[in-house]
Amino acid sequence: MELYSDLSETELEIATESLPVEVLEGTHASGRLY
Amino acid sequence: MISVNKPFTITNGKLVEIQPVHFENNGTQLDCSHSIVYNCGSTHKLLIDSIDGTVDLLPNNLYREVFVDKDPESPYFGYYSKKGNKTKEKVWQEIQSDIQKRVKTAAIILCPTYRCNCKCIYCYQQNGKLDYVPMSKETLSKSLDFASETFAKTDAQFKNIQLFGGEPFLPENEETIKTTLEFCRKEKVPIIFTTNLVQMRQYRRLLYVYHGYISRICTTVDGSKEIHNSRRVSLVTDDPFSEIIDNINYLLEIGIRVNIAINLDRESVGHLKEYLSLAEEQGWSGNSLVTLEIGRVDDRFYEGCADNVLSESELLDKLIQFDREKPFPSNIKLAFLKAIQPLAELIGVAFNQKEWGRSRYFYCWADTPADEIYYIDSSEDIYRCTYTVGKHTCRIGTLECPPESPELVYGAIPLLSEKCWNCNIGGLCLGGCINSRKKDSERVCREEKDNLDYFVNRILTPWVKHELCNAELKHN
C-alpha cells in the first residue's frame, strides 16, 4: 500500500515491518479489556 | 421429546432433562444457601445456584418434594444432595487453579494527559480533580523504563502498551506518541490507543508508518451525527462525528483494527438503530477489522455524572429486542455484562462478550489478581482500574514505589467474605464493583438484587416459557 510518496528511507522500512498477527490480536485486544 | 413434568437444567441455550441420582444416606445435607428461587408461571420454579451459575426448572411438585419436604425417596433428592454443597474451600481451590492456568497479559497504559478535546455528557472523568499537566519527557522515559522492566520479568504470554487519557491524539502529544511508538518497535510489543479520533488527522502519516505495531484503535460513535454530536460534545469542532467517521475509514484502509463502541443509557438506547445502520452503510458490519462494541454508561462512584444509567439487565433486555427485530452483525460484542454474564451465556444472549482477565469468581478483570495492568499518569502515579485513573485516593503506587504484582489472597476475595458467602446471590454479583462498594455498599447490594430480579422476570422466565411452549407443541 503506497499512501505517501515522500516517506524517508527509515519510514519506508518501518512501514514494511509488522508484529505477528497473533501478537497484534492477543488476548487483551481491546482498550477496554473486553 | 421433553416432558414438562420433568426437571430441567439449562445448558448451551437448551433445556436438558435432569437425570435422577441414586441417594445414599451418607449424612450429606441438602444445601440451598447459594440458591435463589423464582416462580416461573404457576406450574414451575426456577432454581438459580449462584455459585455453580446453573439454572434449573422444576415442576412445583418436584420442588416441594426435594426442597420443602426434603423427601429422600424423591428421585431427584440424590441429584441435589450431591450437587448442592460447594464449600469455601472448594471455591478457593477452583480460583487458585483458574488463576494459575490462565493466559496472562501485562499492559502498561500511559495517560500522557487528562486533557481532552471533548466534553461528553456521561464522562466519568469529568467530576474528578484531575491534574491536567501533560506528561513530561522525563516521566515518559521513566514510564517506558518501568514497562521494559515489567515485560522483562513477567511470565505473561501477551504484553502491550496502551495510550489512554484524557485524549491521546491531542496536537501537543506528538512527541510522546512518536517516542512511544518507537519504544513498541524496539521492544516488539503492540500498542493500543483509546481515543475519540477528533484530532487524529495530523497523526495519519505516523500511524501509517507504524501500522504494523498497532494492535487496534478503540473509539466511540454514539449513533447518528445528531445524537453523537449532542452527547460527545467537541471543544474544537462543531461536527466531530464526520471527522471521526473519516478517520475510522482511513484506519481501516491502512489495515488497522478498530473497536467502534457505542455507550448506551436510557436516553440513547433508542438510537442503537442509527448506530447499526451507520455500521452497515460504512461497511463495518461483519468487517473482520472492526469490532462493534456495546458499552453501558455507568456511574461507578455514584457521583451523579450519569443520570440516565440503565442496569445491565435493562440494557440486555433492550438489546435482545433489537436482535429479535433484526439480528446483530457477527462482529457485535457486548462489553458490560458482569453479574448476569454466566446466566446470559446459558441462554445464548451474551453476544460475544469475553472479558479477558476476569476469573469466574471475580466481578471484573481489575479485581481479578491475574494480569499485570498499570495505568501511569503525568504525576507518575499508578492505577489499576480504568474508572479510578486520575483519582488520587485510588492510586496503587507510583513509579518511585511501584505496586507488587497482583497476588491472590484468600481474605481479599469478596465472595469469600462472610457477607457475600452468606448471600444467596453472592456467587453472581461477587460483591459488585469495588469502587461503588466503597462508596455505598448497601446500594450495591440493592441494585444487584434488582438487576437479577429484572433478568429473571423479564429475560429468563419468558425464555423458559417459550422453550416449554415449544416442547409442549412438539409433544402434542
# chains A, B, ... in the order shown; residues from 1 in each chain; ligands from 1

$ residues_around --residues "A:Leu24" --least-positions-apart "4" --cutoff "10 Å" --atoms "only C-alpha atoms" --output "list in words"
Ser18, Leu19, Pro20, His28 and Ala29 of chain A; Phe158, Lys159, Asn160, Val189, Pro190, Ile191, Ile192, Gly212, Tyr213, Ile214, Ser215, Arg216, Ile256 and Arg257 of chain B

$ write_last_selection --atoms "N, CA and C atoms" --output "PDB file, in the first residue's frame"
ATOM      1  N   SER A  18       6.102  -5.586  10.656  1.00  0.00           N
ATOM      2  CA  SER A  18       4.854  -5.881  11.366  1.00  0.00           C
ATOM      3  C   SER A  18       5.090  -6.940  12.425  1.00  0.00           C
ATOM      4  N   LEU A  19       4.395  -6.803  13.527  1.00  0.00           N
ATOM      5  CA  LEU A  19       4.402  -7.868  14.533  1.00  0.00           C
ATOM      6  C   LEU A  19       3.517  -9.000  14.020  1.00  0.00           C
ATOM      7  N   PRO A  20       3.749 -10.232  14.491  1.00  0.00           N
ATOM      8  CA  PRO A  20       2.888 -11.338  14.056  1.00  0.00           C
ATOM      9  C   PRO A  20       1.411 -11.076  14.406  1.00  0.00           C
ATOM     10  N   HIS A  28      -5.756  -9.315  25.417  1.00  0.00           N
ATOM     11  CA  HIS A  28      -6.390  -8.039  25.772  1.00  0.00           C
ATOM     12  C   HIS A  28      -6.400  -7.109  24.575  1.00  0.00           C
ATOM     13  N   ALA A  29      -7.110  -7.554  23.554  1.00  0.00           N
ATOM     14  CA  ALA A  29      -7.027  -6.830  22.298  1.00  0.00           C
ATOM     15  C   ALA A  29      -7.793  -5.522  22.306  1.00  0.00           C
TER      16      ALA A  29
ATOM     17  N   PHE B 158       1.034 -12.395  26.852  1.00  0.00           N
ATOM     18  CA  PHE B 158       0.786 -11.230  26.000  1.00  0.00           C
ATOM     19  C   PHE B 158       1.213  -9.954  26.727  1.00  0.00           C
ATOM     20  N   LYS B 159       1.823  -9.079  25.945  1.00  0.00           N
ATOM     21  CA  LYS B 159       2.280  -7.799  26.509  1.00  0.00           C
ATOM     22  C   LYS B 159       1.816  -6.700  25.573  1.00  0.00           C
ATOM     23  N   ASN B 160       1.459  -5.579  26.125  1.00  0.00           N
ATOM     24  CA  ASN B 160       1.159  -4.448  25.250  1.00  0.00           C
ATOM     25  C   ASN B 160       1.321  -3.123  25.974  1.00  0.00           C
ATOM     26  N   VAL B 189       6.510  -4.951  21.036  1.00  0.00           N
ATOM     27  CA  VAL B 189       5.204  -5.113  21.703  1.00  0.00           C
ATOM     28  C   VAL B 189       4.169  -4.259  20.975  1.00  0.00           C
ATOM     29  N   PRO B 190       2.946  -4.753  20.875  1.00  0.00           N
ATOM     30  CA  PRO B 190       1.912  -3.983  20.174  1.00  0.00           C
ATOM     31  C   PRO B 190       1.393  -2.817  21.007  1.00  0.00           C
ATOM     32  N   ILE B 191       0.785  -1.871  20.323  1.00  0.00           N
ATOM     33  CA  ILE B 191       0.217  -0.713  21.015  1.00  0.00           C
ATOM     34  C   ILE B 191      -1.279  -0.599  20.714  1.00  0.00           C
ATOM     35  N   ILE B 192      -2.022  -0.143  21.707  1.00  0.00           N
ATOM     36  CA  ILE B 192      -3.469   0.064  21.577  1.00  0.00           C
ATOM     37  C   ILE B 192      -3.764   1.515  21.964  1.00  0.00           C
ATOM     38  N   GLY B 212       2.087  -1.547  11.497  1.00  0.00           N
ATOM     39  CA  GLY B 212       2.400  -2.958  11.794  1.00  0.00           C
ATOM     40  C   GLY B 212       2.594  -3.226  13.273  1.00  0.00           C
ATOM     41  N   TYR B 213       2.649  -2.162  14.074  1.00  0.00           N
ATOM     42  CA  TYR B 213       2.816  -2.323  15.520  1.00  0.00           C
ATOM     43  C   TYR B 213       1.535  -1.976  16.279  1.00  0.00           C
ATOM     44  N   ILE B 214       0.520  -1.555  15.540  1.00  0.00           N
ATOM     45  CA  ILE B 214      -0.707  -1.113  16.209  1.00  0.00           C
ATOM     46  C   ILE B 214      -1.700  -2.274  16.306  1.00  0.00           C
ATOM     47  N   SER B 215      -1.989  -2.675  17.531  1.00  0.00           N
ATOM     48  CA  SER B 215      -2.899  -3.801  17.743  1.00  0.00           C
ATOM     49  C   SER B 215      -4.318  -3.397  17.360  1.00  0.00           C
ATOM     50  N   ARG B 216      -4.757  -2.271  17.882  1.00  0.00           N
ATOM     51  CA  ARG B 216      -6.057  -1.719  17.491  1.00  0.00           C
ATOM     52  C   ARG B 216      -6.262  -0.319  18.047  1.00  0.00           C
ATOM     53  N   ILE B 256      -5.603  -1.174   9.981  1.00  0.00           N
ATOM     54  CA  ILE B 256      -5.599  -1.178  11.456  1.00  0.00           C
ATOM     55  C   ILE B 256      -6.978  -1.587  11.973  1.00  0.00           C
ATOM     56  N   ARG B 257      -6.972  -2.480  12.970  1.00  0.00           N
ATOM     57  CA  ARG B 257      -8.238  -2.927  13.570  1.00  0.00           C
ATOM     58  C   ARG B 257      -8.839  -1.795  14.398  1.00  0.00           C
TER      59      ARG B 257
END

$ residues_around --residues "B:Ile347" --least-positions-apart "4" --cutoff "8 Å" --atoms "only C-alpha atoms" --output "count of residues only"
8

$ select_by_dssp --residues "stretch 92-218 of chain B" --states "strand (DSSP E or B)" --output "number ranges by chain"
B: 105-110, 118-120, 158-163, 191-194, 214-218

$ write_last_selection --atoms "N, CA and C atoms" --output "CSV table (one decimal), in the first residue's frame"
chain,number,residue,atom,x,y,z
B,105,THR,N,-1.8,-11.4,30.7
B,105,THR,CA,-1.3,-10.3,29.9
B,105,THR,C,-0.7,-9.3,30.9
B,106,ALA,N,0.4,-8.6,30.3
B,106,ALA,CA,1.0,-7.5,31.1
B,106,ALA,C,0.8,-6.3,30.2
B,107,ALA,N,0.2,-5.2,30.7
B,107,ALA,CA,0.0,-4.0,29.9
B,107,ALA,C,0.3,-2.7,30.7
B,108,ILE,N,1.0,-1.9,30.0
B,108,ILE,CA,1.4,-0.6,30.6
B,108,ILE,C,0.5,0.5,29.8
B,109,ILE,N,-0.3,1.2,30.6
B,109,ILE,CA,-1.3,2.1,29.9
B,109,ILE,C,-0.9,3.5,30.3
B,110,LEU,N,-0.4,4.3,29.3
B,110,LEU,CA,0.1,5.6,29.6
B,110,LEU,C,-1.1,6.6,29.4
B,118,CYS,N,-12.9,16.9,24.1
B,118,CYS,CA,-14.4,16.7,24.1
B,118,CYS,C,-14.9,16.9,25.6
B,119,LYS,N,-16.2,17.1,25.6
B,119,LYS,CA,-16.8,17.1,27.0
B,119,LYS,C,-18.1,16.3,26.9
B,120,CYS,N,-17.9,15.0,26.9
B,120,CYS,CA,-19.0,14.0,26.7
B,120,CYS,C,-19.9,14.1,28.0
B,158,PHE,N,1.0,-12.4,26.9
B,158,PHE,CA,0.8,-11.2,26.0
B,158,PHE,C,1.2,-10.0,26.7
B,159,LYS,N,1.8,-9.1,25.9
B,159,LYS,CA,2.3,-7.8,26.5
B,159,LYS,C,1.8,-6.7,25.6
B,160,ASN,N,1.5,-5.6,26.1
B,160,ASN,CA,1.2,-4.4,25.3
B,160,ASN,C,1.3,-3.1,26.0
B,161,ILE,N,1.5,-2.1,25.1
B,161,ILE,CA,1.5,-0.7,25.6
B,161,ILE,C,0.1,-0.1,25.2
B,162,GLN,N,-0.4,0.7,26.0
B,162,GLN,CA,-1.7,1.4,25.6
B,162,GLN,C,-1.5,2.9,25.8
B,163,LEU,N,-2.2,3.7,25.0
B,163,LEU,CA,-2.3,5.1,25.2
B,163,LEU,C,-3.7,5.5,25.5
B,191,ILE,N,0.8,-1.9,20.3
B,191,ILE,CA,0.2,-0.7,21.0
B,191,ILE,C,-1.3,-0.6,20.7
B,192,ILE,N,-2.0,-0.1,21.7
B,192,ILE,CA,-3.5,0.1,21.6
B,192,ILE,C,-3.8,1.5,22.0
B,193,PHE,N,-4.6,2.2,21.2
B,193,PHE,CA,-5.0,3.6,21.5
B,193,PHE,C,-6.5,3.6,21.9
B,194,THR,N,-6.8,4.3,23.0
B,194,THR,CA,-8.2,4.6,23.3
B,194,THR,C,-8.4,6.1,23.0
B,214,ILE,N,0.5,-1.6,15.5
B,214,ILE,CA,-0.7,-1.1,16.2
B,214,ILE,C,-1.7,-2.3,16.3
B,215,SER,N,-2.0,-2.7,17.5
B,215,SER,CA,-2.9,-3.8,17.7
B,215,SER,C,-4.3,-3.4,17.4
B,216,ARG,N,-4.8,-2.3,17.9
B,216,ARG,CA,-6.1,-1.7,17.5
B,216,ARG,C,-6.3,-0.3,18.0
B,217,ILE,N,-7.3,0.3,17.5
B,217,ILE,CA,-7.6,1.7,18.0
B,217,ILE,C,-9.1,1.6,18.5
B,218,CYS,N,-9.3,2.0,19.7
B,218,CYS,CA,-10.6,1.9,20.3
B,218,CYS,C,-11.3,3.3,20.3

$ select_by_dssp --residues "stretch 114-226 of chain B" --states "helix (DSSP H, G or I)" --output "PyMOL selection string"
chain B and resi 137-153+171-187+201-209+211-213+225-226

$ atom_distance --atom1 "atom CA of B:Phe169" --atom2 "atom CA of B:Asn249"
16.7 Å

$ closest_residue --among "B:Gly348, B:Gly295, B:Gly426, B:Pro403" --to "chain A" --atoms "only C-alpha atoms"
B:Gly295

$ residues_around --residues "stretch 2-15 of chain A" --least-positions-apart "3" --cutoff "10 Å" --atoms "only C-alpha atoms" --output "list of chain:residue names"
A:Ser18, B:Glu182, B:Arg185, B:Arg205, B:Leu206, B:Leu207, B:Tyr208, B:Val209, B:Tyr210, B:His211, B:Gly212, B:Tyr213, B:Glu253, B:Ile254

$ write_last_selection --atoms "N, CA and C atoms" --output "PDB file, in the first residue's frame"
ATOM      1  N   SER A  18       6.102  -5.586  10.656  1.00  0.00           N
ATOM      2  CA  SER A  18       4.854  -5.881  11.366  1.00  0.00           C
ATOM      3  C   SER A  18       5.090  -6.940  12.425  1.00  0.00           C
TER       4      SER A  18
ATOM      5  N   GLU B 182       8.022   4.274  18.853  1.00  0.00           N
ATOM      6  CA  GLU B 182       9.375   3.773  18.611  1.00  0.00           C
ATOM      7  C   GLU B 182       9.770   2.765  19.698  1.00  0.00           C
ATOM      8  N   ARG B 185       8.273  -0.497  18.803  1.00  0.00           N
ATOM      9  CA  ARG B 185       9.023  -1.124  17.699  1.00  0.00           C
ATOM     10  C   ARG B 185      10.265  -1.827  18.250  1.00  0.00           C
ATOM     11  N   ARG B 205      -0.109  10.078   9.046  1.00  0.00           N
ATOM     12  CA  ARG B 205       1.141   9.596   8.449  1.00  0.00           C
ATOM     13  C   ARG B 205       1.916   8.717   9.444  1.00  0.00           C
ATOM     14  N   LEU B 206       1.994   9.174  10.690  1.00  0.00           N
ATOM     15  CA  LEU B 206       2.708   8.420  11.727  1.00  0.00           C
ATOM     16  C   LEU B 206       2.055   7.044  11.930  1.00  0.00           C
ATOM     17  N   LEU B 207       0.735   7.019  11.945  1.00  0.00           N
ATOM     18  CA  LEU B 207       0.022   5.750  12.140  1.00  0.00           C
ATOM     19  C   LEU B 207       0.228   4.827  10.950  1.00  0.00           C
ATOM     20  N   TYR B 208       0.315   5.424   9.759  1.00  0.00           N
ATOM     21  CA  TYR B 208       0.589   4.603   8.577  1.00  0.00           C
ATOM     22  C   TYR B 208       1.972   3.961   8.711  1.00  0.00           C
ATOM     23  N   VAL B 209       2.959   4.773   9.095  1.00  0.00           N
ATOM     24  CA  VAL B 209       4.334   4.260   9.189  1.00  0.00           C
ATOM     25  C   VAL B 209       4.417   3.124  10.223  1.00  0.00           C
ATOM     26  N   TYR B 210       3.746   3.283  11.345  1.00  0.00           N
ATOM     27  CA  TYR B 210       3.851   2.290  12.424  1.00  0.00           C
ATOM     28  C   TYR B 210       2.679   1.309  12.452  1.00  0.00           C
ATOM     29  N   HIS B 211       1.903   1.228  11.388  1.00  0.00           N
ATOM     30  CA  HIS B 211       0.664   0.433  11.462  1.00  0.00           C
ATOM     31  C   HIS B 211       0.913  -1.038  11.823  1.00  0.00           C
ATOM     32  N   GLY B 212       2.087  -1.547  11.497  1.00  0.00           N
ATOM     33  CA  GLY B 212       2.400  -2.958  11.794  1.00  0.00           C
ATOM     34  C   GLY B 212       2.594  -3.226  13.273  1.00  0.00           C
ATOM     35  N   TYR B 213       2.649  -2.162  14.074  1.00  0.00           N
ATOM     36  CA  TYR B 213       2.816  -2.323  15.520  1.00  0.00           C
ATOM     37  C   TYR B 213       1.535  -1.976  16.279  1.00  0.00           C
ATOM     38  N   GLU B 253      -8.541   1.477   6.036  1.00  0.00           N
ATOM     39  CA  GLU B 253      -7.878   1.442   4.727  1.00  0.00           C
ATOM     40  C   GLU B 253      -6.412   1.012   4.875  1.00  0.00           C
ATOM     41  N   ILE B 254      -5.758   1.463   5.958  1.00  0.00           N
ATOM     42  CA  ILE B 254      -4.353   1.072   6.129  1.00  0.00           C
ATOM     43  C   ILE B 254      -4.218  -0.204   6.969  1.00  0.00           C
TER      44      ILE B 254
END

$ residues_around --residues "B:Glu380" --least-positions-apart "6" --cutoff "7 Å" --atoms "only C-alpha atoms" --output "JSON list (two decimals) with N, CA and C atoms, in the first residue's frame"
[["chain", "number", "residue", "atom", "x", "y", "z"],
["B", 139, "THR", "N", 9.17, 11.89, 32.64],
["B", 139, "THR", "CA", 8.20, 10.92, 33.16],
["B", 139, "THR", "C", 7.90, 9.85, 32.12],
["B", 398, "THR", "N", 3.40, 4.35, 42.80],
["B", 398, "THR", "CA", 3.99, 5.40, 41.97],
["B", 398, "THR", "C", 5.17, 4.78, 41.23],
["B", 399, "LEU", "N", 5.73, 5.52, 40.26],
["B", 399, "LEU", "CA", 6.89, 4.98, 39.56],
["B", 399, "LEU", "C", 8.06, 4.80, 40.54]]

$ closest_residue --among "B:Met135, B:Ile121, B:Ile332, B:Leu252" --to "B:Ser234" --atoms "only C-alpha atoms"
B:Ile121
